[in-house]
Structure formats: C-alpha cells, structure tokens
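Participant: What follows is a structure written as structure tokens; I'll ask about it next.
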Amino acid sequence: MLKSLFKAVDNAPLIVFRIFFGLIVFIECIRTFNENRINAYLLKPKVNFTFIGFEWLNFLKNDYLYVHYVLMMIAALFVAIGFKYRWSTVLLTIGWSCIYFMQKTDYRHHYYLIWLICIIMCFMPADKYASADAKINPEIKAYAMPQWISFLFILQIACVYIFASFCKFNPEWLDGSFIDQLFSGRKVYNKLSPKLNTPWFHQLMSYLGILFDALIIPAMLWRRTRWLAVFAAVFFHMFNAYFLGIGIFPFLSLAFTVFFFKPEEIRKFFLRKKPVLTEELKKYHFKDYHILFYVVIVPYVLLQLLLPVRHLAIEGPVMWTTEGDRLSWRVMLNYRLGTTRYKVIDKATGQQISFKNKELLTDYQILKLNTPDVIWQMAQFIKEYYKKQGIDVSVYAARSNVTINRRPAKRLIDPTVDLTAVPWSHFRHHDWILSENDPKWNQDAPKQNYKIQKLTPIKKLDL
C-alpha cells in the first residue's frame with residue numbers, strides 16, 4: 001500500500017491544477033476590488049474582528065492593504081504561469097493568511113479552503129512542466145510525480161464534502177426549512193421558478209444536498225460513474241453559483257476533478273504536447289518525496305481529519321455555542337440572527353456609562369454580534385476604548401438574544417459575567433455561554449422572530 005503511494009505517475013493533473021488555482025485566486029482578488037470589500041470590511045471599520053490571537057495583523061489596517069492585494073494578485077498570476085513558483089506560492093500563502101485571519105465578520109469557508117491549498121502548493125513540484133521556470137531553466141523539467149500527491153488533493157476535497165454531509169443531519173436541514181430561508185430572499189429564483197418555491201421542493205433539495213455531498217467523491221473515484229458525477233457536479237455548482245451567488249467556490253471545487261481522472265487522460269485533454277510518460281521520464285528524487293510525505297503531509301492529513309470533529313470534545317451543541325465551528329466544514333447549516341447590547345460600568349464610581357455599538361462598529365459588524373467569540377472580542381474593544389479615555393470599565397452582555405433558523409430567540413451570554421475579566425480558550429467550553437434552553441435567562445426573550453427573518457433576507461452566504 002505504502003509502495004503504491006510513491007509510484008511515479010504523470011504530473012499533468014498537478015500542472016493543470018496549478019494553472020486553475022492561480023487564475024481562480026487572481027480573479028477572486030479582482031472581485032474583491034470591484035466589490036469594494038477591502039474598504040467595507042477591512043479599512044472602514046474602526047475595529048476589526050480578527051481571529052482571536054491575530055490582533056497583531058491590524059498593522060495592515062491602512063492604505064497599504066491595497067498594495068497587499070495587488071501583490072497577492074501578482075503572486076497568484078505568477079503561480080498560474082509558474083514563474084518563480086516557490087517564492088510566488090510562499091508570498092501568496094503569507095498574503096492570503098494575513099487577509100484570512102485579519103477579519104471574520106465576512107467569514108467564508110472557501111477562503112479557508114484557499115488558504116489550505118496555498119499551504120499545500122508551497123510543497124508541491126507544480127512548476128516542473130508548462131511553466132515559465134521550466135522554460136527559463138529546462139534542467140528542472142520533470143514529467144512525473146509520486147501518486148500520493150493526487151491522493152492528497154482528493155482527500156482534501158473529500159473532507160469538505162463528507163464532513164459537510166454529516167453536519168447536515170439536523171432538523172432544520174432535513175425538514176427543508178433552512179432551504180426555504182436560503183431561497184426566500186432570492187429574487188432571481190422566485191421570478192424564474194415560483195412553482196418550485198414550495199415546501200416539498202425545499203425538502204427534496206435538502207435530501208439531494210446530503211446525497212450529493214456524501215456520494216460525489218465515491219462516484220468520482222469509481223470509473224463507471226465518474227463522468228456522471230462530473231456532470232452532476234457541474235450542474236450542482238452552476239446552480240448554486242447562479243441562484244445563490246456563492247463566489248468562486250463552485251469553480252474552485254470543480255478544479256479538483258483533474259485529480260480523479262487517470263493522469264494520462266488529463267495529459268491528453270489539457271497538455272497534448274506533453275510527452276507520454278516512459279520509464280526513463282519517471283525518474284525523480286524518491287528520497288526527498290519520502291521525507292516530505294512523512295514529515296509534512298501525514299501530520300497535515302491527521303490535522304484535517306481532527307479539526308472538523310473537535311467540537312465533539314467541547315460541551316454544548318456547536319450550532320448554538322459555535323465553539324469548534326471555525327476551521328471546519330459546517331457549510332450552509334444555519335441562518336443566525338441577533339445582536340448584543342452591552343452594559344458598561346465605571347469601576348471607580350460603579351455608575352453605568354451609556355454606550356452604543358455604533359460608536360465602534362459598522363452596521364454590518366453590529367449584525368455579527370451573535371456568536372460568543374465576536375461578543376467577547378467586542379467587550380475587549382469597549383474596555384480598550386474607555387481605557388484610552390482614562391476610564392477602567394467592566395463590560396457585560398446585557399442583551400444577547402439570538403435566533404437560529406427561525407427558532408424562538410434565546411439569550412446567548414450570561415449577563416452577570418464581566419466579559420473583560422474572563423479569558424478566551426480555543427479548546428474548551430466557556431461557562432458564560434448559556435444553554436439554548438436555559439429557563440432562568442431565556443424567559444424574557446422574544447418567543448417569535450419570524451418578522452426579523454423577513455426583514456433581513458439572506459443577501460450572501462458565508463461559504
């Protein structure tokens with residue numbers, strides 16, 4: 001089994017994927033400029049909700065950020081054409097890492113996938129053919145790669161689909177109510193097919209979504225169903241791209257299909273001038289690839305298998321607490337509404353200070369005050385805000401009513417806990433996060449929130 005992992009195969013899939021990936025990231029950077037997301041989500045806000053522990057990335061919060069994006073665009077283009085490939089992939093990885101961890105109010109799962117692929121590509125021999133580097137320096141040209149490279153990319157996209165499928169086994173997904181919410185604000189969908197906007201169709205789509213996520217990888221792997229799976233994937237992703245506007249994820253996902261076909265088939269279709277792989281052309285440095293596999297790839301794979309299930313070791317339902325939710329593949333599972341109102345107390349006088357979220361946040365950020373980590377971070381921002389004015393304060397989440405998928409709104413955070421006095425941990429439950437059915441604190445929460453849902457249609461998905 002291990003011997004087959006190091007079998008020399010045609011490197012055409014990796015070469016083609018490098019081109020696709022570089023172009024996809026390049027286009028995504030252009031979209032970011034065109035949609036003014038740099039200013040809206042990174043520069044305009046007075047404070048940024050970084051991943052906790054990455055607050056130091058705020059040094060990028062200035063006009064240099066535009067230069068940062070331009071450098072990423074150049075790096076992505078260089079990756080696509082294979083120019084200074086190793087330096088370009090490292091630069092792209094660093095650049096994308098900074099943007100990804102710098103803010104999470106506009107969190108999208110495919111940004112996480114791009115980050116992971118950037119890391120993987122830093123170690124891949126993807127510039128050995130059809131690249132500027134190979135043309136400039138023909139000595140680096142190679143036609144083969146170890147077979148485990150294809151397996152690694154297949155496993156990576158399998159994690160996305162299979163874990164996403166498991167996560168969909170929840171009441172709101174199975175009864176079609178989340179799909180109903182998903183399409184309720186989509187004018188294009190409603191105009192084109194109003195008859196399909198019915199409960200039976202929503203439930204049908206729910207089950208088809210589970211089946212697609214669960215079966216697409218096995219169907220791609222089996223030769224007899226491979227082309228059927230490809231057509232199903234194209235239809236599924238183009239449907240989502242058109243009706244849901246989920247950005248580049250459909251195209252990024254489809255790019256992985258090159259690893260499911262025989263390398264010779266990919267060579268014949270995309271790289272017709274590439275020589276047929278002979279025994280002579282199969283030569284490469286086996287020792288280097290063995291070291292890379294055991295030292296880098298094996299730990300990486302284990303981490304990818306463990307991260308999506310880490311919430312099982314943390315108390316409470318992850319859909320409510322969101323502890324263990326990030327850096328996993330809990331995609332398109334809930335529509336979370338609510339915000340938090342804070343009570344600020346001057347420690348010196350014991351008097352309450354009037355504070356409004358708009359003093360520090362944009363309207364979009366205020367709508368994101370419905371997860372524990374963001375609520376906790378906001379408390380730290382408020383403390384720092386008043387510290388600059390010479391006032392030491394305690395900060396409480398006076399009202400933190402949250403609704404998930406049209407459930408009755410419930411209080412999320414214990415209002416008696418000073419959030420500036422408690423630490424944040426990535427690996428354990430925080431006892432100041434209330435149970436969704438806590439009878440003490442949730443008796444005063446609104447019992448119906450359907451109107452809130454209708455007033456705030458889904459404009460984009462956090463994918």
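Letters A, B, ... mark the chains of the structure tokens in the order given; residue numbers begin at 1 per chain; ligand numbers begin at 1, in order shown.
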Residues of segment 132-167 of chain A in helix (DSSP H, G or I) according to DSSP, as a ChimeraX atom specification?

Facilitator: /A:132-136,138-140,148-167

Participant: Take the selection from the previous step and output its residues with C-alpha atoms, as a tab-separated table (two decimals), in the first residue's frame.

Facilitator:
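out_27.tsv was written with the following content:
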chain	number	residue	atom	x	y	z
A	132	ALA	CA	7.98	29.89	-17.01
A	133	ASP	CA	10.50	28.39	-14.60
A	134	ALA	CA	10.84	25.21	-16.68
A	135	LYS	CA	11.27	27.26	-19.83
A	136	ILE	CA	13.90	29.51	-18.30
A	138	PRO	CA	14.99	23.35	-18.57
A	139	GLU	CA	17.02	21.36	-16.03
A	140	ILE	CA	14.13	21.47	-13.55
A	148	TRP	CA	0.28	10.39	-3.15
A	149	ILE	CA	0.05	13.96	-4.48
A	150	SER	CA	-3.19	13.13	-6.28
A	151	PHE	CA	-4.44	11.26	-3.21
A	152	LEU	CA	-3.72	14.30	-1.04
A	153	PHE	CA	-5.84	16.64	-3.15
A	154	ILE	CA	-8.64	14.06	-3.35
A	155	LEU	CA	-8.59	13.69	0.43
A	156	GLN	CA	-8.67	17.46	0.89
A	157	ILE	CA	-11.81	17.98	-1.19
A	158	ALA	CA	-13.31	14.81	0.31
A	159	CYS	CA	-13.03	16.40	3.75
A	160	VAL	CA	-15.06	19.37	2.51
A	161	TYR	CA	-17.89	17.28	1.08
A	162	ILE	CA	-18.09	14.40	3.56
A	163	PHE	CA	-17.92	16.48	6.73
A	164	ALA	CA	-20.44	18.90	5.20
A	165	SER	CA	-22.75	15.95	4.57
A	166	PHE	CA	-22.52	14.68	8.16
A	167	CYS	CA	-23.28	18.14	9.52

Participant: Show me a table, sorted first by chain and then by increasing residue number, of the residues of segment 152-255 of chain A having an atom at most 12 Å from segment 403-417 of chain A, each with its shortest atom pair and the distance in Å to one decimal, counting only C-alpha atoms and written as a Markdown table.

Facilitator:
| residue | atom | partner | partner_atom | distance |
| --- | --- | --- | --- | --- |
| A:Asn170 | CA | A:Asn405 | CA | 11.4 |
| A:Pro171 | CA | A:Asn405 | CA | 10.2 |
| A:Glu172 | CA | A:Asn405 | CA | 7.0 |
| A:Trp173 | CA | A:Asn405 | CA | 9.5 |
| A:Asp175 | CA | A:Asn405 | CA | 11.6 |
| A:Gly176 | CA | A:Asn405 | CA | 10.8 |
| A:Ser177 | CA | A:Asn405 | CA | 7.5 |
| A:Phe178 | CA | A:Asn405 | CA | 6.4 |
| A:Ile179 | CA | A:Asn405 | CA | 10.0 |
| A:Asp180 | CA | A:Asn405 | CA | 9.9 |
| A:Gln181 | CA | A:Asn405 | CA | 7.7 |
| A:Leu182 | CA | A:Asn405 | CA | 10.0 |

Participant: How close does each residue of segment 237-353 of chain A get to segment 127-131 of chain A, giving the shortest atom pair and distance in Å to one decimal for every residue with an atom at most 12 Å away, counting only C-alpha atoms, sorted by chain and residue number, as a Markdown table?

Facilitator:
| residue | atom | partner | partner_atom | distance |
| --- | --- | --- | --- | --- |
| A:Arg267 | CA | A:Tyr129 | CA | 11.4 |
| A:Phe270 | CA | A:Ala130 | CA | 10.8 |
| A:Leu271 | CA | A:Ala130 | CA | 8.4 |
| A:Arg272 | CA | A:Ala130 | CA | 11.2 |
| A:Lys273 | CA | A:Ala130 | CA | 9.8 |
| A:Lys274 | CA | A:Tyr129 | CA | 8.5 |
| A:Pro275 | CA | A:Tyr129 | CA | 10.7 |
| A:Tyr284 | CA | A:Lys128 | CA | 11.0 |

Participant: Next, dump the selected residues to file, keeping only N, CA and C atoms, as a CSV table (one decimal), in the first residue's frame.

Facilitator:
chain,number,residue,atom,x,y,z
A,267,ARG,N,-3.5,14.6,-19.3
A,267,ARG,CA,-2.4,15.0,-20.3
A,267,ARG,C,-3.0,15.1,-21.7
A,270,PHE,N,-5.6,18.3,-21.8
A,270,PHE,CA,-5.1,19.6,-21.5
A,270,PHE,C,-3.7,19.9,-22.0
A,271,LEU,N,-2.8,18.9,-22.0
A,271,LEU,CA,-1.4,19.1,-22.3
A,271,LEU,C,-1.0,18.2,-23.5
A,272,ARG,N,-1.5,18.4,-24.6
A,272,ARG,CA,-1.3,17.4,-25.7
A,272,ARG,C,0.1,17.3,-26.2
A,273,LYS,N,0.9,18.4,-26.0
A,273,LYS,CA,2.3,18.4,-26.4
A,273,LYS,C,3.2,17.7,-25.4
A,274,LYS,N,2.7,17.4,-24.2
A,274,LYS,CA,3.5,16.8,-23.2
A,274,LYS,C,3.8,15.3,-23.5
A,275,PRO,N,5.1,14.9,-23.4
A,275,PRO,CA,5.4,13.5,-23.8
A,275,PRO,C,4.7,12.5,-23.0
A,284,TYR,N,12.7,10.6,-10.6
A,284,TYR,CA,12.7,11.8,-9.8
A,284,TYR,C,13.3,11.4,-8.4

Participant: For atom CA of Leu360 of chain A and atom CA of Lys46 of chain A, quote the distance in Å rounded to one decimal.

Facilitator: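 Value for the atom CA of Leu360 of chain A-atom CA of Lys46 of chain A distance: 5.8 Å.
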
Participant: Report the distance between atom CA of Leu312 of chain A and atom CA of Asp438 of chain A in Å, rounded to one decimal place.

Facilitator: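 Those two atoms sit 20.8 Å apart.
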
Participant: Pick from A:Leu204, A:Leu91, A:Ala40, A:Met145: nearest to Asp288 of chain A, with only C-alpha atoms counted?

Facilitator: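 For Asp288 of chain A, the nearest of the candidates is A:Met145.
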
Participant: Could you check how far atom CA of Leu221 of chain A sits from atom CA of Gly22 of chain A, in Å to one decimal?

Facilitator: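 Between atom CA of Leu221 of chain A and atom CA of Gly22 of chain A the gap is 25.0 Å.
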